[in-house]
>>> print(open('start-v7.pdb').read())   # PDB, C-alpha atoms
ATOM      1  CA  MET A   1       4.912  44.348  27.894
ATOM      2  CA  SER A   2       7.510  43.884  30.689
ATOM      3  CA  ARG A   3      10.643  41.742  30.304
ATOM      4  CA  LEU A   4       9.147  39.212  32.768
ATOM      5  CA  THR A   5       5.908  39.036  30.785
ATOM      6  CA  LYS A   6       7.829  38.532  27.542
ATOM      7  CA  SER A   7       9.772  35.697  29.164
ATOM      8  CA  ILE A   8       6.576  33.975  30.311
ATOM      9  CA  VAL A   9       4.986  34.316  26.870
ATOM     10  CA  ALA A  10       8.123  32.900  25.215
ATOM     11  CA  SER A  11       8.064  29.938  27.597
ATOM     12  CA  LEU A  12       4.412  29.266  26.866
ATOM     13  CA  LEU A  13       5.079  29.409  23.114
ATOM     14  CA  LEU A  14       7.949  26.938  23.501
ATOM     15  CA  VAL A  15       5.675  24.549  25.384
ATOM     16  CA  ALA A  16       2.975  24.964  22.757
ATOM     17  CA  VAL A  17       5.413  24.143  19.972
ATOM     18  CA  SER A  18       6.970  21.183  21.810
ATOM     19  CA  ALA A  19       3.760  19.636  23.142
ATOM     20  CA  PRO A  20       2.512  18.055  19.900
ATOM     21  CA  VAL A  21       5.749  16.040  19.499
ATOM     22  CA  THR A  22       5.472  14.676  23.026
ATOM     23  CA  ALA A  23       1.774  13.924  22.606
ATOM     24  CA  ALA A  24       2.378  12.132  19.320
ATOM     25  CA  ALA A  25       5.291  10.162  20.778
ATOM     26  CA  ASP A  26       2.940   8.978  23.507
ATOM     27  CA  ALA A  27       0.421   8.034  20.812
ATOM     28  CA  ILE A  28       2.883   5.600  19.159
ATOM     29  CA  HIS A  29       1.949   2.371  20.893
ATOM     30  CA  GLU A  30       4.144  -0.715  20.893
ATOM     31  CA  VAL A  31       2.082  -3.702  19.825
ATOM     32  CA  SER A  32       2.659  -7.436  19.521
ATOM     33  CA  PRO A  33       1.132  -9.740  16.909
ATOM     34  CA  THR A  34      -1.781 -11.951  17.829
ATOM     35  CA  THR A  35      -0.793 -14.402  15.059
ATOM     36  CA  GLU A  36       2.389 -15.049  13.103
ATOM     37  CA  THR A  37       2.667 -17.218  10.001
ATOM     38  CA  THR A  38       5.666 -18.685   8.243
ATOM     39  CA  PHE A  39       5.255 -18.413   4.508
ATOM     40  CA  ASN A  40       7.386 -20.955   2.657
ATOM     41  CA  GLU A  41       6.253 -20.629  -0.941
ATOM     42  CA  GLY A  42       8.375 -17.723  -2.078
ATOM     43  CA  GLN A  43       9.076 -14.291  -0.681
ATOM     44  CA  VAL A  44       6.048 -12.171   0.214
ATOM     45  CA  GLU A  45       5.774  -9.107  -2.012
ATOM     46  CA  LYS A  46       2.238  -7.706  -1.691
ATOM     47  CA  ILE A  47      -0.692  -8.298   0.626
ATOM     48  CA  GLU A  48      -4.280  -7.098   0.440
ATOM     49  CA  PHE A  49      -7.553  -8.007   2.166
ATOM     50  CA  ASP A  50     -10.540  -8.585  -0.083
ATOM     51  CA  PRO A  51     -14.036  -7.372   0.944
ATOM     52  CA  SER A  52     -14.818 -10.751   2.563
ATOM     53  CA  GLY A  53     -11.756 -10.562   4.853
ATOM     54  CA  ARG A  54      -9.514 -13.061   3.064
ATOM     55  CA  LEU A  55      -5.849 -12.099   2.815
ATOM     56  CA  TRP A  56      -4.256 -12.296  -0.614
ATOM     57  CA  VAL A  57      -0.503 -12.829  -0.526
ATOM     58  CA  TRP A  58       1.530 -12.514  -3.729
ATOM     59  CA  ASN A  59       4.916 -14.178  -3.895
ATOM     60  CA  ASN A  60       7.857 -14.384  -6.215
ATOM     61  CA  THR A  61      10.195 -17.317  -6.785
ATOM     62  CA  TYR A  62      13.658 -15.913  -7.267
ATOM     63  CA  SER A  63      14.988 -19.215  -5.880
ATOM     64  CA  SER A  64      14.868 -22.082  -8.382
ATOM     65  CA  SER A  65      14.492 -24.519  -5.469
ATOM     66  CA  LEU A  66      10.938 -23.330  -4.786
ATOM     67  CA  PRO A  67       8.256 -25.508  -6.375
ATOM     68  CA  TYR A  68       5.826 -22.768  -7.392
ATOM     69  CA  GLY A  69       5.975 -19.864  -9.787
ATOM     70  CA  PRO A  70       4.573 -16.416  -9.021
ATOM     71  CA  GLN A  71       1.077 -16.837  -7.602
ATOM     72  CA  ALA A  72      -1.555 -15.492  -5.257
ATOM     73  CA  ASN A  73      -2.001 -17.396  -2.029
ATOM     74  CA  VAL A  74      -5.364 -16.868  -0.373
ATOM     75  CA  LEU A  75      -5.396 -17.163   3.424
ATOM     76  CA  THR A  76      -8.435 -17.520   5.676
ATOM     77  CA  LYS A  77      -8.819 -18.079   9.406
ATOM     78  CA  ASP A  78      -9.767 -21.569  10.587
ATOM     79  CA  GLU A  79     -11.884 -22.400  13.630
ATOM     80  CA  ALA A  80      -8.803 -22.384  15.856
ATOM     81  CA  GLY A  81      -8.023 -18.825  14.779
ATOM     82  CA  ASN A  82      -5.025 -19.709  12.625
ATOM     83  CA  TRP A  83      -4.472 -18.318   9.150
ATOM     84  CA  THR A  84      -4.335 -21.183   6.670
ATOM     85  CA  GLN A  85      -4.062 -21.406   2.926
ATOM     86  CA  SER A  86      -7.476 -21.642   1.300
ATOM     87  CA  PHE A  87      -6.302 -21.933  -2.299
ATOM     88  CA  ARG A  88      -3.687 -20.753  -4.752
ATOM     89  CA  LEU A  89      -4.337 -18.689  -7.840
ATOM     90  CA  THR A  90      -1.757 -18.937 -10.595
ATOM     91  CA  ILE A  91      -2.503 -16.735 -13.605
ATOM     92  CA  ARG A  92      -0.895 -18.207 -16.683
ATOM     93  CA  LYS A  93       2.119 -16.212 -17.874
ATOM     94  CA  PHE A  94       1.152 -13.323 -15.607
ATOM     95  CA  GLY A  95       4.444 -13.064 -13.725
ATOM     96  CA  THR A  96       5.227 -11.387 -10.416
ATOM     97  CA  VAL A  97       2.527  -9.030  -9.205
ATOM     98  CA  GLY A  98       3.198  -5.317  -9.050
ATOM     99  CA  ASP A  99      -0.036  -4.226  -7.358
ATOM    100  CA  ILE A 100      -3.416  -5.603  -6.296
ATOM    101  CA  HIS A 101      -6.679  -3.913  -5.286
ATOM    102  CA  PHE A 102     -10.317  -4.907  -4.942
ATOM    103  CA  ALA A 103     -13.478  -3.097  -5.960
ATOM    104  CA  ASP A 104     -16.418  -2.962  -3.557
ATOM    105  CA  ASP A 105     -18.122  -5.743  -5.516
ATOM    106  CA  GLY A 106     -15.120  -8.012  -4.903
ATOM    107  CA  THR A 107     -13.602  -7.802  -8.380
ATOM    108  CA  MET A 108      -9.820  -8.017  -8.174
ATOM    109  CA  TYR A 109      -7.487  -5.907 -10.311
ATOM    110  CA  ALA A 110      -3.789  -6.773 -10.411
ATOM    111  CA  THR A 111      -0.802  -5.580 -12.419
ATOM    112  CA  SER A 112       2.367  -7.559 -13.091
ATOM    113  CA  PHE A 113       5.964  -6.869 -13.967
ATOM    114  CA  ASN A 114       5.179  -8.582 -17.271
ATOM    115  CA  SER A 115       3.241  -5.469 -18.323
ATOM    116  CA  LYS A 116      -0.142  -7.110 -17.762
ATOM    117  CA  LEU A 117      -3.454  -6.384 -16.050
ATOM    118  CA  ALA A 118      -5.568  -9.201 -14.624
ATOM    119  CA  VAL A 119      -9.269  -8.714 -13.855
ATOM    120  CA  VAL A 120     -10.597 -11.508 -11.631
ATOM    121  CA  THR A 121     -14.264 -12.039 -10.780
ATOM    122  CA  PHE A 122     -15.632 -14.462  -8.202
ATOM    123  CA  ASN A 123     -18.611 -16.712  -7.582
ATOM    124  CA  THR A 124     -20.817 -16.201  -4.536
ATOM    125  CA  ASP A 125     -18.867 -18.896  -2.642
ATOM    126  CA  GLY A 126     -15.610 -16.990  -3.172
ATOM    127  CA  SER A 127     -14.188 -19.272  -5.837
ATOM    128  CA  VAL A 128     -12.682 -17.771  -8.974
ATOM    129  CA  LYS A 129     -15.251 -17.254 -11.716
ATOM    130  CA  LYS A 130     -13.231 -15.680 -14.512
ATOM    131  CA  VAL A 131      -9.753 -14.277 -15.162
ATOM    132  CA  THR A 132      -9.250 -11.785 -17.993
ATOM    133  CA  GLN A 133      -5.792 -10.507 -18.942
ATOM    134  CA  PHE A 134      -4.738  -7.396 -20.837
ATOM    135  CA  LYS A 135      -1.252  -6.787 -22.202
ATOM    136  CA  PHE A 136       0.332  -3.318 -22.167
ATOM    137  CA  SER A 137       3.308  -2.115 -24.120
ATOM    138  CA  ASP A 138       6.327  -1.513 -21.890
ATOM    139  CA  ARG A 139       5.934   2.196 -22.570
ATOM    140  CA  LYS A 140       2.444   2.153 -21.042
ATOM    141  CA  SER A 141       2.850  -0.617 -18.462
ATOM    142  CA  PRO A 142       1.209   0.399 -15.140
ATOM    143  CA  ASP A 143       2.837  -0.145 -11.759
ATOM    144  CA  SER A 144      -0.430   0.113  -9.845
ATOM    145  CA  VAL A 145      -4.161  -0.167 -10.472
ATOM    146  CA  THR A 146      -7.021   1.030  -8.264
ATOM    147  CA  PRO A 147     -10.809   1.034  -8.744
ATOM    148  CA  ILE A 148     -12.134   4.457  -7.672
ATOM    149  CA  ASP A 149     -15.428   6.316  -7.335
ATOM    150  CA  GLY A 150     -17.536   6.895 -10.420
ATOM    151  CA  ASN A 151     -17.013   3.346 -11.676
ATOM    152  CA  LYS A 152     -13.511   4.237 -12.845
ATOM    153  CA  LEU A 153     -10.124   2.540 -12.870
ATOM    154  CA  SER A 154      -6.913   4.435 -12.094
ATOM    155  CA  PHE A 155      -3.492   3.335 -13.349
ATOM    156  CA  VAL A 156      -0.166   4.776 -12.221
ATOM    157  CA  ARG A 157       3.190   4.234 -13.856
ATOM    158  CA  TYR A 158       6.472   5.921 -12.992
ATOM    159  CA  ASN A 159       5.615   9.224 -14.682
ATOM    160  CA  GLN A 160       1.913   9.111 -15.494
ATOM    161  CA  LEU A 161      -1.571   8.587 -14.091
ATOM    162  CA  THR A 162      -4.440   7.538 -16.352
ATOM    163  CA  GLU A 163      -8.099   6.936 -15.566
ATOM    164  CA  TYR A 164     -10.556   4.809 -17.516
ATOM    165  CA  GLN A 165     -14.278   4.253 -17.308
ATOM    166  CA  LEU A 166     -15.260   0.703 -16.388
ATOM    167  CA  PRO A 167     -15.684  -1.869 -17.746
ATOM    168  CA  PHE A 168     -12.109  -1.833 -18.993
ATOM    169  CA  THR A 169     -11.432  -3.309 -22.434
ATOM    170  CA  ALA A 170      -8.468  -3.486 -24.798
ATOM    171  CA  ARG A 171      -9.991  -0.549 -26.704
ATOM    172  CA  SER A 172     -10.665   1.664 -23.679
ATOM    173  CA  LYS A 173      -9.497   5.265 -23.989
ATOM    174  CA  PRO A 174      -8.353   7.259 -20.949
ATOM    175  CA  ILE A 175     -10.760   9.861 -19.592
ATOM    176  CA  ARG A 176      -8.003  11.574 -17.582
ATOM    177  CA  THR A 177      -4.261  11.664 -18.154
ATOM    178  CA  MET A 178      -1.727  13.379 -15.923
ATOM    179  CA  LYS A 179       2.037  13.501 -16.349
ATOM    180  CA  ILE A 180       3.738  13.232 -12.971
ATOM    181  CA  THR A 181       6.783  15.399 -12.352
ATOM    182  CA  THR A 182       7.872  13.703  -9.100
ATOM    183  CA  ARG A 183      11.207  11.906  -9.264
ATOM    184  CA  TYR A 184      10.763   8.136  -9.481
ATOM    185  CA  GLY A 185      13.238   6.254  -7.294
ATOM    186  CA  TRP A 186      13.795   2.576  -6.643
ATOM    187  CA  GLY A 187      11.168   1.522  -4.119
ATOM    188  CA  ALA A 188       8.732   4.306  -5.001
ATOM    189  CA  GLN A 189       5.245   3.816  -3.548
ATOM    190  CA  THR A 190       1.885   4.957  -4.882
ATOM    191  CA  LEU A 191      -1.565   5.099  -3.336
ATOM    192  CA  VAL A 192      -4.765   6.312  -5.005
ATOM    193  CA  GLY A 193      -7.767   7.417  -2.979
ATOM    194  CA  ALA A 194     -11.393   6.722  -3.824
ATOM    195  CA  ASP A 195     -11.736  10.241  -5.262
ATOM    196  CA  GLY A 196      -8.684   9.854  -7.515
ATOM    197  CA  THR A 197      -6.172  11.691  -5.325
ATOM    198  CA  LEU A 198      -2.667  10.316  -5.850
ATOM    199  CA  TYR A 199      -0.211   9.974  -2.962
ATOM    200  CA  TYR A 200       3.260   9.397  -4.405
ATOM    201  CA  SER A 201       6.476   8.631  -2.529
ATOM    202  CA  ASP A 202       9.699   8.656  -4.534
ATOM    203  CA  GLY A 203      11.455   6.020  -2.419
ATOM    204  CA  ALA A 204      14.013   8.333  -0.844
ATOM    205  CA  GLU A 205      15.506   7.229   2.469
ATOM    206  CA  ASN A 206      15.155   8.976   5.832
ATOM    207  CA  THR A 207      12.526  11.457   4.726
ATOM    208  CA  ALA A 208       9.220   9.558   4.274
ATOM    209  CA  ASP A 209       8.283  12.109   1.642
ATOM    210  CA  VAL A 210       4.914  12.085  -0.136
ATOM    211  CA  ASP A 211       3.765  14.256  -3.040
ATOM    212  CA  VAL A 212       0.010  14.706  -3.449
ATOM    213  CA  TYR A 213      -1.760  15.188  -6.798
ATOM    214  CA  ILE A 214      -5.468  16.052  -6.652
ATOM    215  CA  PRO A 215      -8.307  14.885  -8.960
ATOM    216  CA  SER A 216      -8.693  18.214 -10.769
ATOM    217  CA  GLN A 217      -5.131  18.065 -12.112
ATOM    218  CA  SER A 218      -4.359  16.811 -15.604
ATOM    219  CA  GLY A 219      -1.716  17.287 -18.267
ATOM    220  CA  SER A 220       1.798  17.984 -16.983
ATOM    221  CA  ALA A 221       1.332  18.624 -13.268
ATOM    222  CA  SER A 222       3.453  19.440 -10.261
ATOM    223  CA  PRO A 223       2.289  18.206  -6.853
ATOM    224  CA  ASP A 224      -0.609  20.192  -5.417
ATOM    225  CA  HIS A 225       1.126  19.849  -2.055
ATOM    226  CA  SER A 226       3.631  17.596  -0.301
ATOM    227  CA  PHE A 227       4.623  16.440   3.142
ATOM    228  CA  THR A 228       7.452  14.698   4.945
ATOM    229  CA  VAL A 229       7.286  12.844   8.251
ATOM    230  CA  ASP A 230       9.472  13.908  11.147
ATOM    231  CA  PRO A 231      12.642  11.759  10.948
ATOM    232  CA  PHE A 232      12.182  10.671  14.568
ATOM    233  CA  PHE A 233       9.134   8.703  13.443
ATOM    234  CA  ALA A 234      10.270   7.871   9.908
ATOM    235  CA  ASP A 235      13.912   6.829  10.029
ATOM    236  CA  TYR A 236      13.888   4.940   6.722
ATOM    237  CA  TYR A 237      11.977   4.855   3.457
ATOM    238  CA  ILE A 238       8.288   4.050   3.093
ATOM    239  CA  GLY A 239       7.787   0.316   2.535
ATOM    240  CA  GLY A 240       4.010   0.393   2.066
ATOM    241  CA  MET A 241       1.121   2.869   1.986
ATOM    242  CA  THR A 242      -2.562   2.196   2.533
ATOM    243  CA  PHE A 243      -5.643   3.654   4.203
ATOM    244  CA  SER A 244      -6.630   2.840   7.768
ATOM    245  CA  PRO A 245     -10.178   1.631   8.536
ATOM    246  CA  GLU A 246     -10.835   5.173   9.783
ATOM    247  CA  GLY A 247      -9.766   6.628   6.441
ATOM    248  CA  ASP A 248      -6.385   8.078   7.422
ATOM    249  CA  LEU A 249      -3.123   7.591   5.573
ATOM    250  CA  ALA A 250      -1.138   4.670   6.981
ATOM    251  CA  LEU A 251       2.581   4.551   6.172
ATOM    252  CA  ARG A 252       4.793   1.539   6.899
ATOM    253  CA  VAL A 253       8.219   2.964   7.780
ATOM    254  CA  ASN A 254      10.836   0.660   9.279
ATOM    255  CA  GLN A 255       9.452  -0.760  12.536
ATOM    256  CA  ARG A 256       6.433   1.527  12.662
ATOM    257  CA  VAL A 257       3.090   2.184  11.032
ATOM    258  CA  VAL A 258       2.218   5.862  11.396
ATOM    259  CA  PHE A 259      -1.060   7.652  10.642
ATOM    260  CA  LEU A 260      -1.609  11.081   9.139
ATOM    261  CA  PRO A 261      -4.736  12.882   7.899
ATOM    262  CA  LEU A 262      -5.573  12.876   4.205
ATOM    263  CA  ASP A 263      -4.919  16.620   4.007
ATOM    264  CA  ALA A 264      -1.424  16.357   5.522
ATOM    265  CA  SER A 265       0.895  19.039   4.160
ATOM    266  CA  GLY A 266       4.233  20.484   5.208
ATOM    267  CA  ALA A 267       7.668  19.401   6.375
ATOM    268  CA  ASN A 268       8.635  17.115   9.261
ATOM    269  CA  LEU A 269       5.088  16.327  10.314
ATOM    270  CA  VAL A 270       4.498  14.523  13.582
ATOM    271  CA  PRO A 271       2.050  11.623  13.109
ATOM    272  CA  ASP A 272      -1.299  11.783  14.853
ATOM    273  CA  SER A 273      -0.743   8.252  16.130
ATOM    274  CA  GLY A 274       0.833   4.961  15.171
ATOM    275  CA  TYR A 275       2.166   1.567  16.159
ATOM    276  CA  SER A 276       5.682   0.295  16.749
ATOM    277  CA  PHE A 277       6.799  -3.330  16.795
ATOM    278  CA  THR A 278       9.959  -5.407  16.872
ATOM    279  CA  GLY A 279      11.245  -8.166  14.653
ATOM    280  CA  SER A 280      10.427  -6.517  11.339
ATOM    281  CA  HIS A 281      12.508  -6.663   8.196
ATOM    282  CA  VAL A 282      13.140  -3.383   6.459
ATOM    283  CA  GLY A 283      12.694  -3.741   2.730
ATOM    284  CA  PHE A 284      10.811  -2.462  -0.274
ATOM    285  CA  TYR A 285       8.276  -5.255   0.262
ATOM    286  CA  SER A 286       7.499  -4.477   3.898
ATOM    287  CA  ASP A 287       3.808  -4.013   3.208
ATOM    288  CA  VAL A 288       0.840  -3.211   5.470
ATOM    289  CA  ALA A 289      -2.882  -3.903   5.007
ATOM    290  CA  PHE A 290      -6.067  -3.491   7.062
ATOM    291  CA  ASP A 291      -9.368  -5.325   6.868
ATOM    292  CA  SER A 292     -12.695  -3.612   7.513
ATOM    293  CA  THR A 293     -12.723  -4.702  11.191
ATOM    294  CA  GLY A 294      -9.333  -3.142  11.991
ATOM    295  CA  VAL A 295      -7.111  -6.220  11.784
ATOM    296  CA  MET A 296      -3.642  -5.110  10.659
ATOM    297  CA  ALA A 297      -1.422  -7.427   8.616
ATOM    298  CA  LEU A 298       2.283  -6.894   7.978
ATOM    299  CA  ALA A 299       4.378  -8.532   5.297
ATOM    300  CA  ASP A 300       8.095  -8.741   6.002
ATOM    301  CA  TYR A 301      10.073  -9.765   2.963
ATOM    302  CA  GLY A 302      12.760 -12.380   3.532
ATOM    303  CA  VAL A 303      12.160 -13.395   7.167
ATOM    304  CA  THR A 304      10.825 -16.556   8.790
ATOM    305  CA  ASN A 305       7.603 -15.155  10.223
ATOM    306  CA  SER A 306       6.877 -13.148   7.100
ATOM    307  CA  LEU A 307       3.196 -12.527   7.916
ATOM    308  CA  ARG A 308       2.056 -11.011  11.178
ATOM    309  CA  PHE A 309      -1.480 -10.109  12.257
ATOM    310  CA  PHE A 310      -2.503  -7.588  14.926
ATOM    311  CA  PHE A 311      -5.738  -6.658  16.746
ATOM    312  CA  GLU A 312      -7.565  -9.892  15.984
ATOM    313  CA  THR A 313     -10.530 -10.872  18.137
ATOM    314  CA  PRO A 314     -11.219 -14.499  19.088
TER     315      PRO A 314
END
>>> encode(input="start-v7.pdb", output="structure tokens")
Amino acid sequence: MSRLTKSIVASLLLVAVSAPVTAAADAIHEVSPTTETTFNEGQVEKIEFDPSGRLWVWNNTYSSSLPYGPQANVLTKDEAGNWTQSFRLTIRKFGTVGDIHFADDGTMYATSFNSKLAVVTFNTDGSVKKVTQFKFSDRKSPDSVTPIDGNKLSFVRYNQLTEYQLPFTARSKPIRTMKITTRYGWGAQTLVGADGTLYYSDGAENTADVDVYIPSQSGSASPDHSFTVDPFFADYYIGGMTFSPEGDLALRVNQRVVFLPLDASGANLVPDSGYSFTGSHVGFYSDVAFDSTGVMALADYGVTNSLRFFFETP
């Protein structure tokens, strides 16, 4: 191979390596909200769409001047296209919510910082039918709860994942237990897939790092694989993790939501695509949620327009 040929090949390789970053940068689209809502009943902490498309917003009341205690605030769209409060759900002595997820049948599972699990079922008109609470010892208190395939329920706490067969009762015994070796930092985020895969971010800044534990792991386990997001796209810690309507990983990082495939692995990954926006508030409670039609909701803790909605249709 001549020196000229080697030079051409090297140039082509440089282009090949650089091209994905440019392509991904072009795929990060700046978007503006179609609706913004001021939420005045406590700071927004968690948001989640239920299967019917209602948005559940959990608040806290660190300020004694606020009239309500920790509660769920259920928002629906009115005929004018505005998100309005449908009803409030206050679970007695439940406390501030730690996590909330819905099963396909609409059953809601929520954990609280009071070491409790709430299981909420609904009538056909969407009203609350029954609320059942379970109390955990502090040593076993879960941070998150997710219904998964096989009619199972997955709990994650700072150093352990446990799975139970549904229906869950006070006497239920775990069918899978896994000790997590990932460091647990302030602001750590967890996400459990339908198959039981655990995506675990330790809350570190400027790395957007995620450790992945797969369903076949149990006992004391190290991550099956890990990934970090290129710092150009992830210049702060992960504020929220969820799945996109297409089934990709969606990470809320600073003023972006970036998307990566479920099998993402490696260092400084460039997102496949994503959205950027202005006016966000960076915080541990900067959550993101999608409904089944693709509407994206953002929760921005501690700002006036604390709920923003994107990609709505009239």
>>> resolve_selection(input="start-v7.pdb", expression="the PyMOL selection byres ((chain A and resi 247) around 10)", output="PyMOL selection string")
chain A and resi 193+242-246+248-250+259-262
>>> closest_residue(input="start-v7.pdb", among="A:Ala299, A:Met178, A:Val57, A:Ala267", to="A:Val156", atoms="only C-alpha atoms")
A:Met178
>>> closest_residue(input="start-v7.pdb", among="A:Leu251, A:Ala264, A:Ile214, A:Ala297", to="A:Ser226", atoms="only C-alpha atoms")
A:Ala264
>>> resolve_selection(input="start-v7.pdb", expression="the PyMOL selection byres ((chain A and resi 100) around 10)", output="PDB file with C-alpha atoms, keeping the file's coordinate frame")
ATOM      1  CA  LYS A  46       2.238  -7.706  -1.691  1.00  0.00           C
ATOM      2  CA  ILE A  47      -0.692  -8.298   0.626  1.00  0.00           C
ATOM      3  CA  GLU A  48      -4.280  -7.098   0.440  1.00  0.00           C
ATOM      4  CA  PHE A  49      -7.553  -8.007   2.166  1.00  0.00           C
ATOM      5  CA  ASP A  50     -10.540  -8.585  -0.083  1.00  0.00           C
ATOM      6  CA  TRP A  56      -4.256 -12.296  -0.614  1.00  0.00           C
ATOM      7  CA  VAL A  57      -0.503 -12.829  -0.526  1.00  0.00           C
ATOM      8  CA  TRP A  58       1.530 -12.514  -3.729  1.00  0.00           C
ATOM      9  CA  VAL A  97       2.527  -9.030  -9.205  1.00  0.00           C
ATOM     10  CA  GLY A  98       3.198  -5.317  -9.050  1.00  0.00           C
ATOM     11  CA  ASP A  99      -0.036  -4.226  -7.358  1.00  0.00           C
ATOM     12  CA  HIS A 101      -6.679  -3.913  -5.286  1.00  0.00           C
ATOM     13  CA  PHE A 102     -10.317  -4.907  -4.942  1.00  0.00           C
ATOM     14  CA  MET A 108      -9.820  -8.017  -8.174  1.00  0.00           C
ATOM     15  CA  TYR A 109      -7.487  -5.907 -10.311  1.00  0.00           C
ATOM     16  CA  ALA A 110      -3.789  -6.773 -10.411  1.00  0.00           C
ATOM     17  CA  THR A 111      -0.802  -5.580 -12.419  1.00  0.00           C
ATOM     18  CA  SER A 112       2.367  -7.559 -13.091  1.00  0.00           C
ATOM     19  CA  LEU A 117      -3.454  -6.384 -16.050  1.00  0.00           C
ATOM     20  CA  ALA A 118      -5.568  -9.201 -14.624  1.00  0.00           C
ATOM     21  CA  ASP A 143       2.837  -0.145 -11.759  1.00  0.00           C
ATOM     22  CA  SER A 144      -0.430   0.113  -9.845  1.00  0.00           C
ATOM     23  CA  VAL A 145      -4.161  -0.167 -10.472  1.00  0.00           C
ATOM     24  CA  THR A 146      -7.021   1.030  -8.264  1.00  0.00           C
TER      25      THR A 146
END
>>> atom_distance(input="start-v7.pdb", atom1="atom CA of A:Val31", atom2="atom CA of A:Asn254")
14.4 Å
>>> atom_distance(input="start-v7.pdb", atom1="atom CA of A:Gly150", atom2="atom CA of A:Asn114")
28.3 Å
>>> resolve_selection(input="start-v7.pdb", expression="the PyMOL selection byres ((chain A and resi 128) around 12)", output="list in words")
Ala72, Val74, Phe87, Arg88, Leu89, Thr90, Ile91, Gly106, Thr107, Met108, Val119, Val120, Thr121, Phe122, Asn123, Thr124, Asp125, Gly126, Ser127, Lys129, Lys130, Val131 and Thr132 of chain A
>>> write_last_selection(input="start-v7.pdb", atoms="C-alpha atoms", output="PDB file, in the frame of the given file")
ATOM      1  CA  ALA A  72      -1.555 -15.492  -5.257  1.00  0.00           C
ATOM      2  CA  VAL A  74      -5.364 -16.868  -0.373  1.00  0.00           C
ATOM      3  CA  PHE A  87      -6.302 -21.933  -2.299  1.00  0.00           C
ATOM      4  CA  ARG A  88      -3.687 -20.753  -4.752  1.00  0.00           C
ATOM      5  CA  LEU A  89      -4.337 -18.689  -7.840  1.00  0.00           C
ATOM      6  CA  THR A  90      -1.757 -18.937 -10.595  1.00  0.00           C
ATOM      7  CA  ILE A  91      -2.503 -16.735 -13.605  1.00  0.00           C
ATOM      8  CA  GLY A 106     -15.120  -8.012  -4.903  1.00  0.00           C
ATOM      9  CA  THR A 107     -13.602  -7.802  -8.380  1.00  0.00           C
ATOM     10  CA  MET A 108      -9.820  -8.017  -8.174  1.00  0.00           C
ATOM     11  CA  VAL A 119      -9.269  -8.714 -13.855  1.00  0.00           C
ATOM     12  CA  VAL A 120     -10.597 -11.508 -11.631  1.00  0.00           C
ATOM     13  CA  THR A 121     -14.264 -12.039 -10.780  1.00  0.00           C
ATOM     14  CA  PHE A 122     -15.632 -14.462  -8.202  1.00  0.00           C
ATOM     15  CA  ASN A 123     -18.611 -16.712  -7.582  1.00  0.00           C
ATOM     16  CA  THR A 124     -20.817 -16.201  -4.536  1.00  0.00           C
ATOM     17  CA  ASP A 125     -18.867 -18.896  -2.642  1.00  0.00           C
ATOM     18  CA  GLY A 126     -15.610 -16.990  -3.172  1.00  0.00           C
ATOM     19  CA  SER A 127     -14.188 -19.272  -5.837  1.00  0.00           C
ATOM     20  CA  LYS A 129     -15.251 -17.254 -11.716  1.00  0.00           C
ATOM     21  CA  LYS A 130     -13.231 -15.680 -14.512  1.00  0.00           C
ATOM     22  CA  VAL A 131      -9.753 -14.277 -15.162  1.00  0.00           C
ATOM     23  CA  THR A 132      -9.250 -11.785 -17.993  1.00  0.00           C
TER      24      THR A 132
END
>>> atom_distance(input="start-v7.pdb", atom1="atom CA of A:Ile175", atom2="atom CA of A:Ser141")
17.2 Å
>>> residues_around(input="start-v7.pdb", residues="A:Leu166", least_positions_apart="5", cutoff="7 Å", atoms="only C-alpha atoms", output="PyMOL selection string")
chain A and resi 151-153
>>> closest_residue(input="start-v7.pdb", among="A:Asn159, A:Asn268, A:Ser276, A:Gln133", to="A:Asp230", atoms="only C-alpha atoms")
A:Asn268
>>> closest_residue(input="start-v7.pdb", among="A:Ile148, A:Ser286, A:Ser306, A:Ser216", to="A:Tyr236", atoms="all atoms listed in the file")
A:Ser286
>>> closest_residue(input="start-v7.pdb", among="A:Trp83, A:Phe168, A:Tyr184, A:Phe94", to="A:Pro147", atoms="all atoms listed in the file")
A:Phe168
>>> closest_residue(input="start-v7.pdb", among="A:Gly274, A:Gly187, A:Pro223, A:Gly196", to="A:His29", atoms="only C-alpha atoms")
A:Gly274
>>> axis_aligned_box(input="start-v7.pdb", around="stretch 308-314 of chain A", padding_each_side="6 Å", output="JSON")
{"center_x": -4.6, "center_y": -10.6, "center_z": 15.1, "size_x": 25.3, "size_y": 19.8, "size_z": 19.9}
>>> residues_near_point(input="start-v7.pdb", point="(10.1, 12.4, 8.8)", cutoff="12 Å", atoms="all atoms listed in the file", output="count of residues only")
30
